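**Student:** As input, take model_31.cif (mmCIF, C-alpha atoms):
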data_coords
loop_
_atom_site.group_PDB
_atom_site.id
_atom_site.type_symbol
_atom_site.label_atom_id
_atom_site.label_comp_id
_atom_site.auth_asym_id
_atom_site.auth_seq_id
_atom_site.Cartn_x
_atom_site.Cartn_y
_atom_site.Cartn_z
ATOM 1 C CA MET A 1 0.000 0.000 0.000
ATOM 2 C CA LYS A 2 1.481 3.342 -0.992
ATOM 3 C CA MET A 3 1.390 5.781 1.894
ATOM 4 C CA GLU A 4 2.493 9.401 1.822
ATOM 5 C CA ARG A 5 6.119 9.587 2.906
ATOM 6 C CA ILE A 6 6.647 11.801 5.926
ATOM 7 C CA GLY A 7 10.024 12.733 7.346
ATOM 8 C CA LYS A 8 12.045 11.008 4.621
ATOM 9 C CA THR A 9 14.790 12.611 2.588
ATOM 10 C CA GLU A 10 15.300 12.323 -1.160
ATOM 11 C CA ASP A 11 18.159 9.932 -0.444
ATOM 12 C CA ASP A 12 15.776 7.711 1.526
ATOM 13 C CA ASP A 13 13.363 7.667 -1.401
ATOM 14 C CA LYS A 14 16.135 6.879 -3.853
ATOM 15 C CA GLU A 15 17.411 4.027 -1.687
ATOM 16 C CA GLU A 16 13.880 2.632 -1.426
ATOM 17 C CA GLU A 17 13.431 2.785 -5.190
ATOM 18 C CA GLU A 18 16.771 1.080 -5.769
ATOM 19 C CA LYS A 19 15.739 -1.744 -3.425
ATOM 20 C CA GLU A 20 12.461 -2.211 -5.299
ATOM 21 C CA GLU A 21 14.238 -2.239 -8.658
ATOM 22 C CA GLU A 22 16.719 -4.783 -7.309
ATOM 23 C CA GLU A 23 13.862 -6.962 -6.051
ATOM 24 C CA TYR A 24 11.423 -6.613 -8.932
ATOM 25 C CA GLY A 25 13.656 -5.838 -11.884
ATOM 26 C CA PRO A 26 14.981 -2.722 -13.608
ATOM 27 C CA GLY A 27 12.378 -0.367 -14.957
ATOM 28 C CA CYS A 28 9.670 -1.535 -12.563
ATOM 29 C CA LEU A 29 9.083 2.067 -11.522
ATOM 30 C CA ASP A 30 8.980 3.524 -15.022
ATOM 31 C CA PHE A 31 5.440 4.353 -16.005
ATOM 32 C CA ALA A 32 3.184 7.023 -17.501
ATOM 33 C CA THR A 33 4.528 7.421 -21.048
ATOM 34 C CA ASP A 34 7.022 5.999 -23.510
ATOM 35 C CA GLY A 35 7.454 8.228 -26.520
ATOM 36 C CA GLY A 36 4.026 9.700 -25.878
ATOM 37 C CA GLU A 37 2.325 6.313 -25.519
ATOM 38 C CA GLU A 38 0.820 5.156 -22.240
ATOM 39 C CA LEU A 39 2.523 2.172 -20.640
ATOM 40 C CA PHE A 40 0.648 -0.522 -18.740
ATOM 41 C CA VAL A 41 2.360 -1.261 -15.435
ATOM 42 C CA PRO A 42 1.378 -4.444 -13.580
ATOM 43 C CA PRO A 43 1.380 -4.375 -9.779
ATOM 44 C CA LEU A 44 4.462 -5.788 -8.047
ATOM 45 C CA ASN A 45 4.664 -9.591 -8.183
ATOM 46 C CA PHE A 46 1.818 -9.808 -10.689
ATOM 47 C CA ALA A 47 1.199 -13.242 -12.200
ATOM 48 C CA VAL A 48 -1.545 -15.407 -13.668
ATOM 49 C CA VAL A 49 -2.679 -18.118 -11.242
ATOM 50 C CA ASP A 50 -5.226 -19.733 -13.527
ATOM 51 C CA HIS A 51 -7.794 -18.788 -16.136
ATOM 52 C CA GLY A 52 -9.512 -15.697 -14.732
ATOM 53 C CA VAL A 53 -7.470 -15.661 -11.497
ATOM 54 C CA TYR A 54 -4.500 -13.352 -10.890
ATOM 55 C CA ARG A 55 -2.187 -12.487 -7.992
ATOM 56 C CA SER A 56 -0.083 -9.450 -7.093
ATOM 57 C CA GLY A 57 1.095 -7.024 -4.495
ATOM 58 C CA PHE A 58 -1.035 -4.014 -3.507
ATOM 59 C CA PRO A 59 -2.065 -2.121 -6.686
ATOM 60 C CA ASP A 60 -0.995 1.506 -6.899
ATOM 61 C CA ILE A 61 -2.531 4.300 -8.964
ATOM 62 C CA ALA A 62 0.132 3.651 -11.608
ATOM 63 C CA ASN A 63 -1.308 0.140 -12.051
ATOM 64 C CA PHE A 64 -4.928 1.120 -12.666
ATOM 65 C CA SER A 65 -4.621 1.288 -16.464
ATOM 66 C CA PHE A 66 -3.169 -2.216 -16.471
ATOM 67 C CA LEU A 67 -5.927 -3.511 -14.186
ATOM 68 C CA GLU A 68 -8.506 -2.141 -16.612
ATOM 69 C CA THR A 69 -7.179 -4.541 -19.259
ATOM 70 C CA LEU A 70 -8.005 -7.509 -17.001
ATOM 71 C CA LYS A 71 -11.716 -6.558 -16.891
ATOM 72 C CA LEU A 72 -11.872 -7.640 -13.263
ATOM 73 C CA SER A 73 -15.126 -8.570 -11.569
ATOM 74 C CA SER A 74 -13.630 -8.917 -8.088
ATOM 75 C CA ILE A 75 -10.599 -8.229 -5.940
ATOM 76 C CA ILE A 76 -9.613 -10.183 -2.840
ATOM 77 C CA CYS A 77 -7.558 -8.057 -0.454
ATOM 78 C CA LEU A 78 -5.806 -9.940 2.346
ATOM 79 C CA CYS A 79 -4.710 -6.810 4.248
ATOM 80 C CA PRO A 80 -6.649 -5.649 7.340
ATOM 81 C CA GLU A 81 -6.174 -1.905 6.791
ATOM 82 C CA PRO A 82 -8.998 0.189 5.294
ATOM 83 C CA TYR A 83 -8.837 0.142 1.497
ATOM 84 C CA PRO A 84 -7.301 3.389 0.151
ATOM 85 C CA GLU A 85 -9.888 5.794 -1.199
ATOM 86 C CA ALA A 86 -8.211 6.028 -4.623
ATOM 87 C CA ASN A 87 -8.385 2.228 -4.970
ATOM 88 C CA ALA A 88 -11.958 2.111 -3.675
ATOM 89 C CA GLU A 89 -12.984 4.763 -6.201
ATOM 90 C CA PHE A 90 -11.331 2.762 -8.999
ATOM 91 C CA LEU A 91 -13.344 -0.290 -7.959
ATOM 92 C CA ARG A 92 -16.595 1.681 -7.800
ATOM 93 C CA SER A 93 -16.070 3.274 -11.198
ATOM 94 C CA HIS A 94 -15.427 -0.110 -12.821
ATOM 95 C CA GLY A 95 -18.070 -2.132 -10.990
ATOM 96 C CA ILE A 96 -15.443 -4.315 -9.258
ATOM 97 C CA ARG A 97 -16.478 -6.024 -6.031
ATOM 98 C CA LEU A 98 -14.063 -5.973 -3.089
ATOM 99 C CA PHE A 99 -13.737 -8.987 -0.797
ATOM 100 C CA GLN A 100 -11.528 -8.065 2.140
ATOM 101 C CA PHE A 101 -10.150 -10.779 4.395
ATOM 102 C CA GLY A 102 -7.895 -9.031 6.864
ATOM 103 C CA ILE A 103 -4.825 -11.043 7.832
ATOM 104 C CA GLU A 104 -2.093 -9.318 9.805
ATOM 105 C CA GLY A 105 1.237 -9.125 7.983
ATOM 106 C CA TYR A 106 3.466 -10.550 10.695
ATOM 107 C CA LYS A 107 7.248 -10.592 10.346
ATOM 108 C CA GLU A 108 7.803 -13.123 13.118
ATOM 109 C CA PRO A 109 8.861 -16.587 11.936
ATOM 110 C CA PHE A 110 6.106 -18.428 13.837
ATOM 111 C CA VAL A 111 2.566 -17.084 13.637
ATOM 112 C CA ASN A 112 -0.907 -18.530 13.523
ATOM 113 C CA ILE A 113 -2.397 -18.029 10.076
ATOM 114 C CA PRO A 114 -6.203 -17.937 10.347
ATOM 115 C CA GLU A 115 -7.328 -21.099 8.579
ATOM 116 C CA ASP A 116 -11.003 -20.083 8.607
ATOM 117 C CA THR A 117 -10.151 -16.813 6.856
ATOM 118 C CA ILE A 118 -8.169 -18.610 4.141
ATOM 119 C CA ARG A 119 -11.044 -21.064 3.706
ATOM 120 C CA GLU A 120 -13.586 -18.241 3.258
ATOM 121 C CA ALA A 121 -11.313 -16.507 0.751
ATOM 122 C CA LEU A 122 -10.955 -19.772 -1.182
ATOM 123 C CA LYS A 123 -14.732 -19.994 -1.488
ATOM 124 C CA VAL A 124 -14.665 -16.631 -3.272
ATOM 125 C CA VAL A 125 -11.855 -17.793 -5.574
ATOM 126 C CA LEU A 126 -13.659 -21.029 -6.453
ATOM 127 C CA ASP A 127 -16.875 -19.235 -7.428
ATOM 128 C CA VAL A 128 -16.428 -18.431 -11.124
ATOM 129 C CA ARG A 129 -19.138 -15.778 -10.837
ATOM 130 C CA ASN A 130 -16.432 -13.673 -9.157
ATOM 131 C CA HIS A 131 -14.011 -14.048 -12.082
ATOM 132 C CA PRO A 132 -11.900 -12.433 -13.425
ATOM 133 C CA LEU A 133 -10.446 -11.984 -9.959
ATOM 134 C CA LEU A 134 -7.258 -10.525 -8.476
ATOM 135 C CA ILE A 135 -5.813 -11.748 -5.156
ATOM 136 C CA HIS A 136 -3.431 -9.361 -3.409
ATOM 137 C CA CYS A 137 -1.833 -8.508 -0.098
ATOM 138 C CA LYS A 138 0.885 -5.899 0.401
ATOM 139 C CA ARG A 139 3.762 -7.460 -1.541
ATOM 140 C CA GLY A 140 2.059 -10.505 -3.045
ATOM 141 C CA LYS A 141 4.360 -12.871 -1.193
ATOM 142 C CA HIS A 142 3.220 -14.420 2.089
ATOM 143 C CA ARG A 143 -0.529 -13.981 2.565
ATOM 144 C CA THR A 144 -1.227 -14.231 -1.152
ATOM 145 C CA GLY A 145 1.219 -17.134 -1.374
ATOM 146 C CA CYS A 146 -0.609 -19.052 1.358
ATOM 147 C CA LEU A 147 -3.992 -18.577 -0.301
ATOM 148 C CA VAL A 148 -2.685 -19.628 -3.716
ATOM 149 C CA GLY A 149 -0.834 -22.555 -2.145
ATOM 150 C CA CYS A 150 -4.051 -23.838 -0.585
ATOM 151 C CA LEU A 151 -5.770 -23.453 -3.958
ATOM 152 C CA ARG A 152 -3.014 -25.563 -5.503
ATOM 153 C CA LYS A 153 -3.716 -28.295 -2.962
ATOM 154 C CA LEU A 154 -7.325 -28.312 -4.153
ATOM 155 C CA GLN A 155 -5.929 -28.604 -7.667
ATOM 156 C CA LYS A 156 -4.034 -31.682 -6.436
ATOM 157 C CA TRP A 157 -0.580 -30.211 -6.916
ATOM 158 C CA CYS A 158 2.158 -32.089 -5.057
ATOM 159 C CA LEU A 159 3.646 -30.207 -2.102
ATOM 160 C CA THR A 160 6.996 -29.829 -3.845
ATOM 161 C CA SER A 161 5.329 -27.849 -6.644
ATOM 162 C CA VAL A 162 3.233 -25.850 -4.166
ATOM 163 C CA PHE A 163 6.363 -24.857 -2.242
ATOM 164 C CA ASP A 164 8.330 -24.116 -5.414
ATOM 165 C CA GLU A 165 5.672 -21.633 -6.530
ATOM 166 C CA TYR A 166 5.477 -20.047 -3.070
ATOM 167 C CA GLN A 167 9.272 -19.674 -2.903
ATOM 168 C CA ARG A 168 9.444 -18.172 -6.373
ATOM 169 C CA PHE A 169 7.484 -15.158 -5.097
ATOM 170 C CA ALA A 170 8.721 -15.055 -1.483
ATOM 171 C CA ALA A 171 12.384 -15.657 -2.487
ATOM 172 C CA ALA A 172 14.751 -15.005 0.414
ATOM 173 C CA LYS A 173 11.791 -14.077 2.623
ATOM 174 C CA ALA A 174 10.123 -17.496 2.403
ATOM 175 C CA ARG A 175 8.719 -18.566 5.767
ATOM 176 C CA VAL A 176 8.731 -22.073 7.169
ATOM 177 C CA SER A 177 5.508 -21.226 9.042
ATOM 178 C CA ASP A 178 3.724 -20.443 5.752
ATOM 179 C CA GLN A 179 4.817 -23.732 4.231
ATOM 180 C CA ARG A 180 3.769 -25.678 7.320
ATOM 181 C CA PHE A 181 0.382 -23.992 7.135
ATOM 182 C CA MET A 182 -0.091 -24.985 3.482
ATOM 183 C CA GLU A 183 1.050 -28.522 4.193
ATOM 184 C CA ARG A 184 -1.437 -28.945 7.040
ATOM 185 C CA PHE A 185 -4.344 -27.109 5.422
ATOM 186 C CA ASP A 186 -7.359 -29.419 5.210
ATOM 187 C CA THR A 187 -9.134 -29.085 1.840
ATOM 188 C CA SER A 188 -11.840 -31.673 2.605
ATOM 189 C CA SER A 189 -14.439 -29.087 3.645
ATOM 190 C CA LEU A 190 -14.140 -27.387 0.231
ATOM 191 C CA LYS A 191 -14.294 -30.409 -2.048
ATOM 192 C CA HIS A 192 -18.085 -30.240 -2.255
ATOM 193 C CA LEU A 193 -17.905 -26.841 -3.960
ATOM 194 C CA PRO A 194 -18.303 -26.780 -7.746
ATOM 195 C CA VAL A 195 -15.009 -26.070 -9.470
ATOM 196 C CA SER A 196 -15.008 -25.356 -13.159
ATOM 197 C CA PHE A 197 -11.996 -23.270 -14.137
ATOM 198 C CA THR A 198 -9.030 -24.554 -16.128
ATOM 199 C CA CYS A 199 -6.703 -26.615 -13.941
ATOM 200 C CA LEU A 200 -9.516 -27.969 -11.796
ATOM 201 C CA LYS A 201 -11.324 -29.583 -14.708
ATOM 202 C CA LYS A 202 -11.034 -33.316 -14.929
ATOM 203 C CA SER A 203 -9.566 -34.515 -18.193
#
Output the file's structure in the form of structure tokens.

**Tutor:**
Amino acid sequence: MKMERIGKTEDDDKEEEEKEEEEYGPGCLDFATDGGEELFVPPLNFAVVDHGVYRSGFPDIANFSFLETLKLSSIICLCPEPYPEANAEFLRSHGIRLFQFGIEGYKEPFVNIPEDTIREALKVVLDVRNHPLLIHCKRGKHRTGCLVGCLRKLQKWCLTSVFDEYQRFAAAKARVSDQRFMERFDTSSLKHLPVSFTCLKKS
């Protein structure tokens, strides 16, 4: 979530931008125009999860033009803070429904991830009436990674593949507690729900 910077110097801002470019690739902060043409800038850590399901970090104003191309019906936000007014206005103006499942973004290595909250969020993901849908937290790593990992278990992915995907986004900040949560997550209570998008279809 982009917040107004207070009490930071230009050097602080530059250092922060350099860290983001190092983490997400050069040019990740370049937006607005390129030779007079508008550029579409995906949110940090944006990726396709499945047909009609996407994941990312918290969208910024610079990402709105890109989000328009997805023709979203819904957004799942896994952050507990009130949704920024600029983002809320974007959703209202495009008829996008917000599902907010607040999960605290802990930095401690051992935390209790709310299983009931993940289960309720999965119900939204599995309902194709909510598609196209974007799942996001702050950086698109831990909370989003746990939700997508539990979806992969429903898709009968092996744990090695589930963890590989999680680690690809979390990188050096991968948490053992997140992986333990995904490993132990019980999908049995969700198997009665109709699933009809790409990878969940039986061949």

**Student:** Could you check the closest approach to Phe169 of chain A for each of A:Gly145, A:Asp127, A:Leu91, A:Leu151 and tell me which residue wins, using all atoms listed in the file?

**Tutor:**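 Using all atoms listed in the file, Phe169 of chain A sits closest to A:Gly145.
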
**Student:** Write out as a list in words each polymer residue whose atoms come within 10 Å of Gly95 of chain A, counting all atoms listed in the file; drop sequence neighbours fewer than 6 positions from it.

**Tutor:**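 So the residues in contact are Lys71, Leu72, Ser73, Ser74 and Glu89 of chain A.
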
**Student:** Using only C-alpha atoms for the distances, tell me which of A:Arg168, A:Asp178, A:Leu190, A:Arg119 is nearest to Cys146 of chain A.

**Tutor:** A:Asp178

**Student:** Check the smallest atom-to-atom distance from each of A:Ala86, A:Lys138, A:Leu78, A:Glu104 to Leu44 of chain A using all atoms listed in the file, then report the winner.

**Tutor:**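 Answer, going by the shortest atom-to-atom distance: A:Lys138.
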
**Student:** Would you list the contacts of Tyr54 of chain A as number ranges by chain, taking every protein, DNA or RNA residue within 12 Å and counting all atoms listed in the file, but skipping same-chain residues closer than 3 positions in sequence?

**Tutor:** A: 42-43, 45-51, 57, 67, 70-76, 125, 131-136, 140, 144-145, 147-148

**Student:** With distances taken over only C-alpha atoms, which of A:Ala88, A:Tyr83, A:Leu39, A:Cys77 is nearest to Ser65 of chain A?

**Tutor:**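 Distance minimum relative to Ser65 of chain A lands on A:Leu39.
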
**Student:** So how far away is atom CA of Asp186 of chain A from atom CA of Val128 of chain A, in Å?

**Tutor:**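 It comes out at 21.7 Å.
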
**Student:** Tell me which of A:Thr160, A:Arg143, A:Ser188, A:Asn87 sits closest to Pro114 of chain A, counting all atoms listed in the file.

**Tutor:**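 Ranked by minimum distance to Pro114 of chain A, first place goes to A:Arg143.
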